[in-house]
$ cat query-v2.cif   # mmCIF, C-alpha atoms and all ligand atoms
data_structure
loop_
_atom_site.label_atom_id
_atom_site.label_comp_id
_atom_site.auth_asym_id
_atom_site.auth_seq_id
_atom_site.Cartn_x
_atom_site.Cartn_y
_atom_site.Cartn_z
CA MET A 600 52.81 66.19 -97.79
CA SER A 601 52.59 66.19 -101.56
CA ARG A 602 49.31 65.60 -103.40
CA LEU A 603 51.25 64.12 -106.29
CA ILE A 604 51.18 60.34 -106.79
CA VAL A 605 53.80 59.07 -109.24
CA ALA A 606 52.66 55.97 -111.17
CA LEU A 607 55.57 53.52 -110.92
CA ASP A 608 54.77 51.83 -114.23
CA PHE A 609 58.00 49.87 -114.52
CA PRO A 610 58.39 46.23 -115.54
CA ASN A 611 60.46 45.17 -112.53
CA ALA A 612 61.77 46.17 -109.10
CA VAL A 613 65.27 47.01 -110.33
CA ALA A 614 63.99 49.65 -112.76
CA ALA A 615 61.55 51.06 -110.20
CA LEU A 616 64.18 51.25 -107.43
CA ARG A 617 66.63 52.96 -109.77
CA PHE A 618 63.96 55.56 -110.54
CA ILE A 619 63.06 56.29 -106.89
CA GLU A 620 66.69 56.40 -105.69
CA PRO A 621 66.95 60.23 -105.80
CA LEU A 622 63.38 60.81 -104.54
CA ASN A 623 62.41 61.94 -101.10
CA PRO A 624 59.06 60.71 -99.61
CA SER A 625 57.99 64.30 -98.92
CA GLN A 626 58.07 65.08 -102.66
CA CYS A 627 55.57 62.50 -103.89
CA LYS A 628 53.61 59.38 -103.15
CA LEU A 629 54.03 56.24 -105.26
CA LYS A 630 51.46 54.11 -107.09
CA VAL A 631 52.15 50.42 -107.65
CA GLY A 632 49.85 48.81 -110.20
CA PHE A 633 49.41 45.35 -111.69
CA GLU A 634 52.50 45.31 -113.89
CA LEU A 635 54.97 46.02 -111.12
CA PHE A 636 53.11 44.16 -108.38
CA VAL A 637 52.88 40.95 -110.40
CA ALA A 638 56.59 41.21 -111.23
CA ALA A 639 58.00 42.44 -107.94
CA GLY A 640 55.49 41.28 -105.30
CA PRO A 641 54.64 42.28 -101.74
CA ASP A 642 58.25 42.41 -100.53
CA PHE A 643 58.92 45.21 -102.99
CA VAL A 644 55.90 47.12 -101.68
CA ARG A 645 57.18 46.66 -98.11
CA GLN A 646 60.54 48.06 -99.26
CA LEU A 647 58.88 51.25 -100.53
CA VAL A 648 56.97 51.61 -97.28
CA GLN A 649 60.18 51.10 -95.28
CA LYS A 650 61.81 53.88 -97.28
CA GLY A 651 59.06 56.14 -95.93
CA PHE A 652 56.89 56.49 -99.05
CA ASP A 653 53.10 56.66 -98.98
CA VAL A 654 52.14 53.84 -101.35
CA PHE A 655 48.90 53.57 -103.31
CA LEU A 656 48.49 49.86 -104.09
CA ASP A 657 46.35 50.07 -107.23
CA LEU A 658 45.08 46.50 -107.58
CA LYS A 659 41.35 47.31 -108.11
CA PHE A 660 39.95 44.31 -106.25
CA HIS A 661 36.68 42.93 -107.64
CA ASP A 662 35.43 39.57 -106.36
CA ILE A 663 32.96 38.14 -103.86
CA PRO A 664 32.82 40.09 -100.57
CA ASN A 665 34.74 37.55 -98.48
CA THR A 666 37.61 37.35 -100.98
CA VAL A 667 37.87 41.11 -101.37
CA ALA A 668 37.83 41.55 -97.60
CA GLY A 669 40.78 39.17 -97.33
CA ALA A 670 42.66 40.93 -100.12
CA CYS A 671 42.13 44.32 -98.46
CA ARG A 672 43.36 42.99 -95.13
CA SER A 673 46.48 41.53 -96.76
CA ALA A 674 47.11 44.80 -98.60
CA ALA A 675 46.67 46.81 -95.42
CA GLU A 676 49.19 44.59 -93.64
CA LEU A 677 51.83 45.75 -96.13
CA GLY A 678 51.54 49.18 -94.54
CA VAL A 679 50.31 50.95 -97.66
CA TRP A 680 48.61 54.34 -97.58
CA MET A 681 45.81 53.73 -100.10
CA ILE A 682 44.07 50.72 -101.70
CA ASN A 683 41.17 50.39 -104.13
CA VAL A 684 38.32 48.15 -105.25
CA HIS A 685 35.79 48.28 -108.11
CA ALA A 686 32.56 50.01 -107.05
CA SER A 687 30.67 47.78 -109.50
CA GLY A 688 31.38 44.87 -107.11
CA GLY A 689 28.29 46.12 -105.27
CA ALA A 690 27.32 47.31 -101.80
CA ALA A 691 28.03 44.03 -99.99
CA MET A 692 31.54 43.89 -101.44
CA LEU A 693 32.27 47.54 -100.66
CA GLN A 694 31.03 47.18 -97.08
CA ALA A 695 33.07 44.00 -96.58
CA ALA A 696 36.18 45.78 -97.86
CA ARG A 697 35.66 48.66 -95.47
CA ALA A 698 34.84 46.40 -92.51
CA ALA A 699 37.99 44.36 -93.15
CA ILE A 700 40.32 47.27 -92.48
CA GLN A 701 38.41 49.69 -90.28
CA ASP A 702 39.64 48.34 -86.95
CA LEU A 703 43.31 48.33 -87.91
CA PRO A 704 45.52 50.83 -86.03
CA HIS A 705 46.55 52.57 -89.28
CA PRO A 706 44.07 51.55 -91.97
CA PRO A 707 44.84 52.58 -95.54
CA LEU A 708 42.50 54.96 -97.33
CA LEU A 709 40.00 52.81 -99.25
CA ILE A 710 38.75 54.21 -102.53
CA ALA A 711 36.78 52.80 -105.46
CA VAL A 712 37.06 52.76 -109.22
CA THR A 713 33.71 53.78 -110.75
CA VAL A 714 33.86 53.34 -114.54
CA LEU A 715 37.17 52.66 -116.26
CA THR A 716 37.97 55.59 -118.55
CA SER A 717 38.49 53.07 -121.37
CA MET A 718 34.71 52.42 -121.24
CA ASP A 719 32.59 54.76 -123.35
CA ASP A 720 28.78 54.75 -123.59
CA GLN A 721 28.87 52.10 -126.33
CA GLN A 722 31.18 49.77 -124.39
CA LEU A 723 28.96 50.17 -121.33
CA GLN A 724 25.92 49.12 -123.37
CA GLY A 725 27.85 46.01 -124.33
CA VAL A 726 28.00 45.00 -120.67
CA GLY A 727 24.35 45.85 -120.06
CA VAL A 728 24.60 49.40 -118.72
CA ASN A 729 21.98 51.41 -120.59
CA HIS A 730 22.77 54.91 -119.41
CA SER A 731 25.72 57.20 -120.02
CA ALA A 732 29.18 56.75 -118.55
CA GLU A 733 28.68 60.00 -116.63
CA GLN A 734 25.44 58.77 -115.05
CA GLN A 735 27.11 55.48 -114.15
CA VAL A 736 30.05 57.30 -112.55
CA SER A 737 27.65 59.42 -110.54
CA ARG A 738 25.63 56.40 -109.41
CA LEU A 739 28.70 54.35 -108.41
CA ALA A 740 30.24 57.31 -106.58
CA GLN A 741 27.02 57.61 -104.58
CA LEU A 742 27.13 53.90 -103.74
CA THR A 743 30.79 54.25 -102.73
CA ALA A 744 29.95 57.13 -100.40
CA GLU A 745 26.95 55.29 -98.92
CA CYS A 746 29.18 52.31 -98.14
CA GLY A 747 31.54 54.56 -96.20
CA LEU A 748 34.58 54.50 -98.50
CA ALA A 749 36.88 57.50 -98.63
CA GLY A 750 36.44 58.44 -102.29
CA VAL A 751 36.94 57.40 -105.89
CA VAL A 752 39.40 57.35 -108.74
CA CYS A 753 37.91 59.61 -111.40
CA SER A 754 38.82 61.36 -114.62
CA ALA A 755 39.52 65.06 -114.68
CA GLN A 756 36.22 65.62 -116.52
CA GLU A 757 34.21 63.95 -113.74
CA ALA A 758 35.92 65.75 -110.89
CA ILE A 759 33.86 68.94 -110.85
CA MET A 760 30.55 67.01 -111.00
CA LEU A 761 31.67 64.65 -108.22
CA LYS A 762 32.87 67.42 -105.89
CA ARG A 763 29.50 69.11 -106.36
CA GLU A 764 27.52 65.90 -105.79
CA ARG A 765 29.57 64.29 -103.03
CA GLY A 766 31.05 67.25 -101.19
CA HIS A 767 34.46 68.38 -100.10
CA ASN A 768 35.42 65.41 -97.90
CA PHE A 769 34.92 62.74 -100.57
CA LEU A 770 38.42 62.14 -101.95
CA LEU A 771 39.06 62.37 -105.68
CA VAL A 772 42.16 60.72 -107.13
CA THR A 773 42.73 61.58 -110.78
CA PRO A 774 45.03 60.26 -113.52
CA GLY A 775 45.28 61.73 -117.03
CA ILE A 776 47.19 64.77 -115.78
CA ARG A 777 49.67 66.42 -118.09
CA PRO A 778 51.90 69.40 -117.23
CA VAL A 779 51.84 72.09 -119.92
CA GLY A 780 54.07 71.00 -122.81
CA SER A 781 54.36 67.30 -121.95
CA ALA A 782 53.30 64.52 -124.34
CA ILE A 783 49.68 63.41 -124.03
CA GLY A 784 50.49 59.81 -125.03
CA ASP A 785 47.43 57.54 -125.02
CA GLN A 786 45.42 59.67 -122.58
CA SER A 787 42.53 61.39 -124.33
CA ARG A 788 41.06 64.17 -122.18
CA VAL A 789 43.77 65.61 -119.98
CA MET A 790 44.08 68.38 -117.40
CA THR A 791 47.12 70.30 -116.15
CA PRO A 792 48.11 70.07 -112.46
CA GLN A 793 46.93 73.65 -111.95
CA GLN A 794 43.51 72.89 -113.45
CA ALA A 795 43.31 69.77 -111.29
CA ALA A 796 44.01 71.76 -108.14
CA LYS A 797 41.36 74.30 -109.15
CA ALA A 798 38.81 71.51 -109.76
CA GLY A 799 39.29 70.41 -106.13
CA ILE A 800 41.02 67.15 -106.98
CA ASP A 801 42.72 65.80 -103.84
CA TYR A 802 45.47 63.67 -105.39
CA ILE A 803 46.75 63.56 -108.96
CA VAL A 804 48.37 60.50 -110.55
CA VAL A 805 51.15 61.22 -113.05
CA GLY A 806 53.21 58.56 -114.77
CA ARG A 807 55.13 59.02 -118.00
CA PRO A 808 55.60 62.83 -117.88
CA ILE A 809 57.75 62.09 -114.78
CA THR A 810 59.06 58.55 -115.28
CA GLN A 811 60.23 59.23 -118.86
CA ALA A 812 61.64 62.70 -118.16
CA THR A 813 65.37 63.35 -118.42
CA ASN A 814 65.13 65.15 -115.07
CA PRO A 815 62.22 63.60 -113.13
CA LEU A 816 62.99 65.60 -109.97
CA ALA A 817 62.58 68.90 -111.81
CA VAL A 818 59.19 67.79 -113.17
CA ILE A 819 58.09 66.67 -109.69
CA GLU A 820 59.10 70.02 -108.20
CA ALA A 821 57.29 71.94 -110.94
CA ILE A 822 54.11 69.90 -110.45
CA ASN A 823 54.24 70.38 -106.66
CA ALA A 824 54.59 74.12 -107.20
CA ASP A 825 51.56 74.08 -109.54
CA LEU A 826 49.48 72.10 -107.03
CA ASN A 827 50.20 74.64 -104.31
O1 LIG A 901 51.70 57.72 -117.72
P1 LIG A 901 50.39 58.26 -117.28
O2 LIG A 901 50.48 59.59 -116.56
O3 LIG A 901 49.34 58.27 -118.37
O4 LIG A 901 49.92 57.20 -116.18
C1 LIG A 901 48.66 57.26 -115.57
C2 LIG A 901 48.52 56.14 -114.57
O5 LIG A 901 47.18 56.15 -114.08
C3 LIG A 901 48.76 54.75 -115.14
O6 LIG A 901 49.29 53.94 -114.08
C4 LIG A 901 47.37 54.28 -115.50
O7 LIG A 901 47.23 52.89 -115.45
C5 LIG A 901 46.53 54.93 -114.41
N1 LIG A 901 45.13 55.15 -114.77
C6 LIG A 901 44.74 55.90 -115.86
N2 LIG A 901 43.43 56.06 -116.14
C7 LIG A 901 42.51 55.47 -115.38
C8 LIG A 901 42.87 54.72 -114.28
C9 LIG A 901 44.22 54.56 -114.00
O8 LIG A 901 45.58 56.46 -116.56
N3 LIG A 901 41.24 55.66 -115.64
#

$ encode --input "query-v2.cif" --output "structure tokens"
Amino acid sequence: MSRLIVALDFPNAVAALRFIEPLNPSQCKLKVGFELFVAAGPDFVRQLVQKGFDVFLDLKFHDIPNTVAGACRSAAELGVWMINVHASGGAAMLQAARAAIQDLPHPPLLIAVTVLTSMDDQQLQGVGVNHSAEQQVSRLAQLTAECGLAGVVCSAQEAIMLKRERGHNFLLVTPGIRPVGSAIGDQSRVMTPQQAAKAGIDYIVVGRPITQATNPLAVIEAINADLN
């Protein structure tokens, strides 16, 4: 199965379904985030699952433990492959999220967001974190591992540090990937699919270089070739 996750950043189900029409579930997984989920809802997610796609439901839950546990259970019932929560919700929240899905027959992979890549050291200080973004990522990844979650979403720059600190089995899911020659857009520090594979990243998330391409299938095939 492919290690490529395509970010379905479309405003509605019609646009997203038109895009996935020619795709085969063996070629890529699909990420549904806030924009599409708020517009298209759980029935749309079920549709993707029924078509055979592995779906990463990227809703970054962050609330009190009981509420997050319920959200994770509801997400799991959609049949998705991966879900996520914010590690900064704390140990009790992370453990409640894991406990909520662990006894299901086919639980989704549960990963955590450490520090949003939009947060730099200065922004972190503004919310009371007085060490560097890198140290905070490292600390929250450790907490995530201690709470028994499968891995984290991380930037390409953090991947090598996290593989070293957390070991091979701790999953890394990484956006900000750009094939050679494609537009960087608003991403700042990017990595190519080949570099990502070399850094030990388990799954890469790619949006616009595929969704805006004139021939998305060709880009998907090229990325899969790079990853292998
Ligand atoms: O179009 P592009 O390849 O930049 O899309 C990347 C996807 O990964 C988007 O859905 C974006 O929201 C998500 N993402 C990100 N950076 C993060 C976390 C998520 O780009 N730190």

$ residues_around --input "query-v2.cif" --residues "Pro774 of chain A" --least-positions-apart "6" --cutoff "8 Å" --atoms "all atoms listed in the file" --output "NGL selection string"
:A and (752-755 or 803-805)

$ closest_residue --input "query-v2.cif" --among "A:Gln626, A:Thr716, A:Ser781, A:Asn823" --to "ligand LIG 901 (chain A)" --atoms "only C-alpha atoms and all ligand atoms"
A:Thr716

$ closest_atom_pairs --input "query-v2.cif" --of "chain A" --to "ligand LIG 901 (chain A)" --cutoff "10 Å" --atoms "all atoms listed in the file" --output "tab-separated table"
residue	atom	partner	partner_atom	distance
A:Ile604	CA	A:LIG901	C2	9.2
A:Val605	CA	A:LIG901	C2	8.1
A:Ala606	CA	A:LIG901	O6	4.9
A:Leu607	CA	A:LIG901	O6	7.0
A:Asp608	CA	A:LIG901	O6	5.9
A:Phe609	CA	A:LIG901	O6	9.6
A:Lys630	CA	A:LIG901	O6	7.3
A:Val631	CA	A:LIG901	O6	7.9
A:Gly632	CA	A:LIG901	O6	6.5
A:Phe633	CA	A:LIG901	O7	8.7
A:Glu634	CA	A:LIG901	O6	9.2
A:Asp657	CA	A:LIG901	C9	8.4
A:Lys659	CA	A:LIG901	C8	9.8
A:Val712	CA	A:LIG901	C8	7.9
A:Thr713	CA	A:LIG901	N3	9.2
A:Val714	CA	A:LIG901	N3	7.8
A:Leu715	CA	A:LIG901	N3	5.1
A:Thr716	CA	A:LIG901	N3	4.4
A:Ser717	CA	A:LIG901	N3	6.9
A:Met718	CA	A:LIG901	N3	9.2
A:Val752	CA	A:LIG901	C8	7.0
A:Cys753	CA	A:LIG901	N3	6.7
A:Ser754	CA	A:LIG901	N3	6.3
A:Ala755	CA	A:LIG901	N3	9.6
A:Val772	CA	A:LIG901	C8	9.4
A:Thr773	CA	A:LIG901	C7	7.7
A:Pro774	CA	A:LIG901	O5	4.7
A:Gly775	CA	A:LIG901	O8	5.3
A:Ile776	CA	A:LIG901	O2	6.2
A:Arg777	CA	A:LIG901	O2	7.0
A:Pro778	CA	A:LIG901	O2	9.9
A:Ala782	CA	A:LIG901	O3	9.5
A:Ile783	CA	A:LIG901	O3	7.7
A:Gly784	CA	A:LIG901	O3	6.9
A:Asp785	CA	A:LIG901	O3	7.0
A:Gln786	CA	A:LIG901	O3	5.9
A:Ser787	CA	A:LIG901	O3	9.6
A:Val789	CA	A:LIG901	O3	9.4
A:Ile803	CA	A:LIG901	O5	9.0
A:Val804	CA	A:LIG901	O5	5.7
A:Val805	CA	A:LIG901	O2	3.9
A:Gly806	CA	A:LIG901	O1	3.4
A:Arg807	CA	A:LIG901	O1	3.7
A:Pro808	CA	A:LIG901	O2	6.2
A:Ile809	CA	A:LIG901	O2	7.9
A:Thr810	CA	A:LIG901	O1	7.8
A:Gln811	CA	A:LIG901	O1	8.7

$ atom_distance --input "query-v2.cif" --atom1 "atom CA of Ala740 of chain A" --atom2 "atom CA of Arg765 of chain A"
7.9 Å

$ residues_around --input "query-v2.cif" --residues "segment 636-639 of chain A" --least-positions-apart "2" --cutoff "9 Å" --atoms "all atoms listed in the file" --output "CSV table (one decimal) with C-alpha atoms, keeping the file's coordinate frame"
chain,number,residue,atom,x,y,z
A,610,PRO,CA,58.4,46.2,-115.5
A,611,ASN,CA,60.5,45.2,-112.5
A,612,ALA,CA,61.8,46.2,-109.1
A,613,VAL,CA,65.3,47.0,-110.3
A,631,VAL,CA,52.2,50.4,-107.6
A,632,GLY,CA,49.8,48.8,-110.2
A,633,PHE,CA,49.4,45.4,-111.7
A,634,GLU,CA,52.5,45.3,-113.9
A,641,PRO,CA,54.6,42.3,-101.7
A,642,ASP,CA,58.2,42.4,-100.5
A,643,PHE,CA,58.9,45.2,-103.0
A,644,VAL,CA,55.9,47.1,-101.7
A,656,LEU,CA,48.5,49.9,-104.1
A,658,LEU,CA,45.1,46.5,-107.6

$ atom_distance --input "query-v2.cif" --atom1 "atom CA of Ile700 of chain A" --atom2 "atom CA of Ala758 of chain A"
26.5 Å

$ closest_residue --input "query-v2.cif" --among "A:Ala691, A:Ile819, A:Leu708, A:Leu703" --to "Val679 of chain A" --atoms "only C-alpha atoms"
A:Leu708

$ residues_around --input "query-v2.cif" --residues "Ile759 of chain A" --least-positions-apart "2" --cutoff "12 Å" --atoms "only C-alpha atoms" --output "list in words"
Glu733, Ser737, Cys753, Ser754, Ala755, Gln756, Glu757, Leu761, Lys762, Arg763, Glu764, Arg765, Gly766, His767, Leu771, Thr773, Gln794, Ala795, Ala796, Lys797, Ala798, Gly799, Ile800 and Asp801 of chain A

$ closest_residue --input "query-v2.cif" --among "A:Leu723, A:Ala614, A:Cys746, A:Leu770" --to "Arg697 of chain A" --atoms "all atoms listed in the file"
A:Cys746

$ atom_distance --input "query-v2.cif" --atom1 "atom CA of Ser625 of chain A" --atom2 "atom CA of Phe652 of chain A"
7.9 Å

$ closest_residue --input "query-v2.cif" --among "A:Leu709, A:Gly688, A:Thr813, A:Ser601" --to "Gly750 of chain A" --atoms "only C-alpha atoms"
A:Leu709

$ decode --input "query-v2.cif" --residues "segment 734-771 of chain A" --atoms "N, CA and C atoms" --output "PDB file, in the first residue's frame"
ATOM      1  N   GLN A 734      12.365  21.738  21.201  1.00  0.00           N
ATOM      2  CA  GLN A 734      12.295  21.070  22.510  1.00  0.00           C
ATOM      3  C   GLN A 734      10.857  20.683  22.848  1.00  0.00           C
ATOM      4  N   GLN A 735       9.920  21.551  22.470  1.00  0.00           N
ATOM      5  CA  GLN A 735       8.512  21.267  22.760  1.00  0.00           C
ATOM      6  C   GLN A 735       8.017  20.079  21.931  1.00  0.00           C
ATOM      7  N   VAL A 736       8.459  20.011  20.676  1.00  0.00           N
ATOM      8  CA  VAL A 736       8.098  18.870  19.823  1.00  0.00           C
ATOM      9  C   VAL A 736       8.619  17.581  20.446  1.00  0.00           C
ATOM     10  N   SER A 737       9.870  17.622  20.877  1.00  0.00           N
ATOM     11  CA  SER A 737      10.506  16.450  21.450  1.00  0.00           C
ATOM     12  C   SER A 737       9.764  15.994  22.712  1.00  0.00           C
ATOM     13  N   ARG A 738       9.438  16.961  23.568  1.00  0.00           N
ATOM     14  CA  ARG A 738       8.735  16.660  24.814  1.00  0.00           C
ATOM     15  C   ARG A 738       7.345  16.066  24.539  1.00  0.00           C
ATOM     16  N   LEU A 739       6.611  16.670  23.605  1.00  0.00           N
ATOM     17  CA  LEU A 739       5.246  16.195  23.330  1.00  0.00           C
ATOM     18  C   LEU A 739       5.252  14.850  22.596  1.00  0.00           C
ATOM     19  N   ALA A 740       6.293  14.605  21.803  1.00  0.00           N
ATOM     20  CA  ALA A 740       6.402  13.297  21.150  1.00  0.00           C
ATOM     21  C   ALA A 740       6.669  12.222  22.201  1.00  0.00           C
ATOM     22  N   GLN A 741       7.470  12.561  23.204  1.00  0.00           N
ATOM     23  CA  GLN A 741       7.735  11.606  24.290  1.00  0.00           C
ATOM     24  C   GLN A 741       6.434  11.292  25.048  1.00  0.00           C
ATOM     25  N   LEU A 742       5.677  12.340  25.359  1.00  0.00           N
ATOM     26  CA  LEU A 742       4.399  12.152  26.053  1.00  0.00           C
ATOM     27  C   LEU A 742       3.461  11.272  25.217  1.00  0.00           C
ATOM     28  N   THR A 743       3.433  11.544  23.913  1.00  0.00           N
ATOM     29  CA  THR A 743       2.577  10.769  23.000  1.00  0.00           C
ATOM     30  C   THR A 743       2.954   9.292  23.037  1.00  0.00           C
ATOM     31  N   ALA A 744       4.266   9.031  23.004  1.00  0.00           N
ATOM     32  CA  ALA A 744       4.739   7.639  23.030  1.00  0.00           C
ATOM     33  C   ALA A 744       4.402   6.997  24.376  1.00  0.00           C
ATOM     34  N   GLU A 745       4.622   7.735  25.465  1.00  0.00           N
ATOM     35  CA  GLU A 745       4.344   7.183  26.802  1.00  0.00           C
ATOM     36  C   GLU A 745       2.872   6.850  26.984  1.00  0.00           C
ATOM     37  N   CYS A 746       2.004   7.583  26.285  1.00  0.00           N
ATOM     38  CA  CYS A 746       0.561   7.334  26.399  1.00  0.00           C
ATOM     39  C   CYS A 746       0.095   6.255  25.425  1.00  0.00           C
ATOM     40  N   GLY A 747       1.026   5.675  24.691  1.00  0.00           N
ATOM     41  CA  GLY A 747       0.702   4.515  23.857  1.00  0.00           C
ATOM     42  C   GLY A 747       0.098   4.837  22.507  1.00  0.00           C
ATOM     43  N   LEU A 748       0.247   6.081  22.037  1.00  0.00           N
ATOM     44  CA  LEU A 748      -0.260   6.413  20.697  1.00  0.00           C
ATOM     45  C   LEU A 748       0.732   5.934  19.642  1.00  0.00           C
ATOM     46  N   ALA A 749       0.274   5.886  18.404  1.00  0.00           N
ATOM     47  CA  ALA A 749       1.083   5.263  17.348  1.00  0.00           C
ATOM     48  C   ALA A 749       2.191   6.167  16.814  1.00  0.00           C
ATOM     49  N   GLY A 750       2.041   7.485  16.948  1.00  0.00           N
ATOM     50  CA  GLY A 750       3.064   8.371  16.389  1.00  0.00           C
ATOM     51  C   GLY A 750       2.598   9.803  16.380  1.00  0.00           C
ATOM     52  N   VAL A 751       3.259  10.619  15.582  1.00  0.00           N
ATOM     53  CA  VAL A 751       2.926  12.048  15.518  1.00  0.00           C
ATOM     54  C   VAL A 751       2.936  12.572  14.081  1.00  0.00           C
ATOM     55  N   VAL A 752       2.252  13.695  13.917  1.00  0.00           N
ATOM     56  CA  VAL A 752       2.419  14.500  12.715  1.00  0.00           C
ATOM     57  C   VAL A 752       3.645  15.374  12.982  1.00  0.00           C
ATOM     58  N   CYS A 753       4.581  15.437  12.076  1.00  0.00           N
ATOM     59  CA  CYS A 753       5.743  16.293  12.322  1.00  0.00           C
ATOM     60  C   CYS A 753       6.236  16.898  11.017  1.00  0.00           C
ATOM     61  N   SER A 754       7.013  17.970  11.147  1.00  0.00           N
ATOM     62  CA  SER A 754       7.584  18.589   9.954  1.00  0.00           C
ATOM     63  C   SER A 754       8.779  17.761   9.497  1.00  0.00           C
ATOM     64  N   ALA A 755       9.154  17.979   8.253  1.00  0.00           N
ATOM     65  CA  ALA A 755      10.293  17.259   7.693  1.00  0.00           C
ATOM     66  C   ALA A 755      11.545  17.486   8.541  1.00  0.00           C
ATOM     67  N   GLN A 756      11.699  18.714   9.053  1.00  0.00           N
ATOM     68  CA  GLN A 756      12.904  19.052   9.827  1.00  0.00           C
ATOM     69  C   GLN A 756      12.978  18.265  11.131  1.00  0.00           C
ATOM     70  N   GLU A 757      11.808  17.928  11.701  1.00  0.00           N
ATOM     71  CA  GLU A 757      11.798  17.236  12.995  1.00  0.00           C
ATOM     72  C   GLU A 757      11.952  15.736  12.857  1.00  0.00           C
ATOM     73  N   ALA A 758      11.758  15.246  11.631  1.00  0.00           N
ATOM     74  CA  ALA A 758      11.650  13.798  11.439  1.00  0.00           C
ATOM     75  C   ALA A 758      12.904  13.043  11.870  1.00  0.00           C
ATOM     76  N   ILE A 759      14.073  13.551  11.506  1.00  0.00           N
ATOM     77  CA  ILE A 759      15.297  12.803  11.808  1.00  0.00           C
ATOM     78  C   ILE A 759      15.515  12.735  13.323  1.00  0.00           C
ATOM     79  N   MET A 760      15.297  13.879  13.995  1.00  0.00           N
ATOM     80  CA  MET A 760      15.413  13.914  15.470  1.00  0.00           C
ATOM     81  C   MET A 760      14.429  12.926  16.117  1.00  0.00           C
ATOM     82  N   LEU A 761      13.185  12.923  15.611  1.00  0.00           N
ATOM     83  CA  LEU A 761      12.166  12.079  16.254  1.00  0.00           C
ATOM     84  C   LEU A 761      12.406  10.597  16.004  1.00  0.00           C
ATOM     85  N   LYS A 762      12.888  10.239  14.816  1.00  0.00           N
ATOM     86  CA  LYS A 762      13.201   8.815  14.575  1.00  0.00           C
ATOM     87  C   LYS A 762      14.324   8.382  15.514  1.00  0.00           C
ATOM     88  N   ARG A 763      15.289   9.279  15.719  1.00  0.00           N
ATOM     89  CA  ARG A 763      16.414   8.946  16.605  1.00  0.00           C
ATOM     90  C   ARG A 763      15.909   8.803  18.048  1.00  0.00           C
ATOM     91  N   GLU A 764      15.070   9.736  18.478  1.00  0.00           N
ATOM     92  CA  GLU A 764      14.625   9.730  19.879  1.00  0.00           C
ATOM     93  C   GLU A 764      13.581   8.658  20.175  1.00  0.00           C
ATOM     94  N   ARG A 765      12.687   8.409  19.229  1.00  0.00           N
ATOM     95  CA  ARG A 765      11.526   7.563  19.522  1.00  0.00           C
ATOM     96  C   ARG A 765      11.575   6.185  18.855  1.00  0.00           C
ATOM     97  N   GLY A 766      12.542   5.995  17.975  1.00  0.00           N
ATOM     98  CA  GLY A 766      12.720   4.668  17.397  1.00  0.00           C
ATOM     99  C   GLY A 766      11.883   4.415  16.163  1.00  0.00           C
ATOM    100  N   HIS A 767      12.177   3.289  15.550  1.00  0.00           N
ATOM    101  CA  HIS A 767      11.645   2.949  14.236  1.00  0.00           C
ATOM    102  C   HIS A 767      10.119   2.794  14.211  1.00  0.00           C
ATOM    103  N   ASN A 768       9.553   2.234  15.317  1.00  0.00           N
ATOM    104  CA  ASN A 768       8.130   1.885  15.277  1.00  0.00           C
ATOM    105  C   ASN A 768       7.185   3.051  15.537  1.00  0.00           C
ATOM    106  N   PHE A 769       7.735   4.193  15.938  1.00  0.00           N
ATOM    107  CA  PHE A 769       6.901   5.366  16.224  1.00  0.00           C
ATOM    108  C   PHE A 769       6.634   6.080  14.900  1.00  0.00           C
ATOM    109  N   LEU A 770       5.362   6.085  14.478  1.00  0.00           N
ATOM    110  CA  LEU A 770       5.022   6.564  13.133  1.00  0.00           C
ATOM    111  C   LEU A 770       5.202   8.076  12.990  1.00  0.00           C
ATOM    112  N   LEU A 771       5.775   8.467  11.878  1.00  0.00           N
ATOM    113  CA  LEU A 771       5.889   9.889  11.542  1.00  0.00           C
ATOM    114  C   LEU A 771       5.092  10.171  10.268  1.00  0.00           C
TER     115      LEU A 771
END
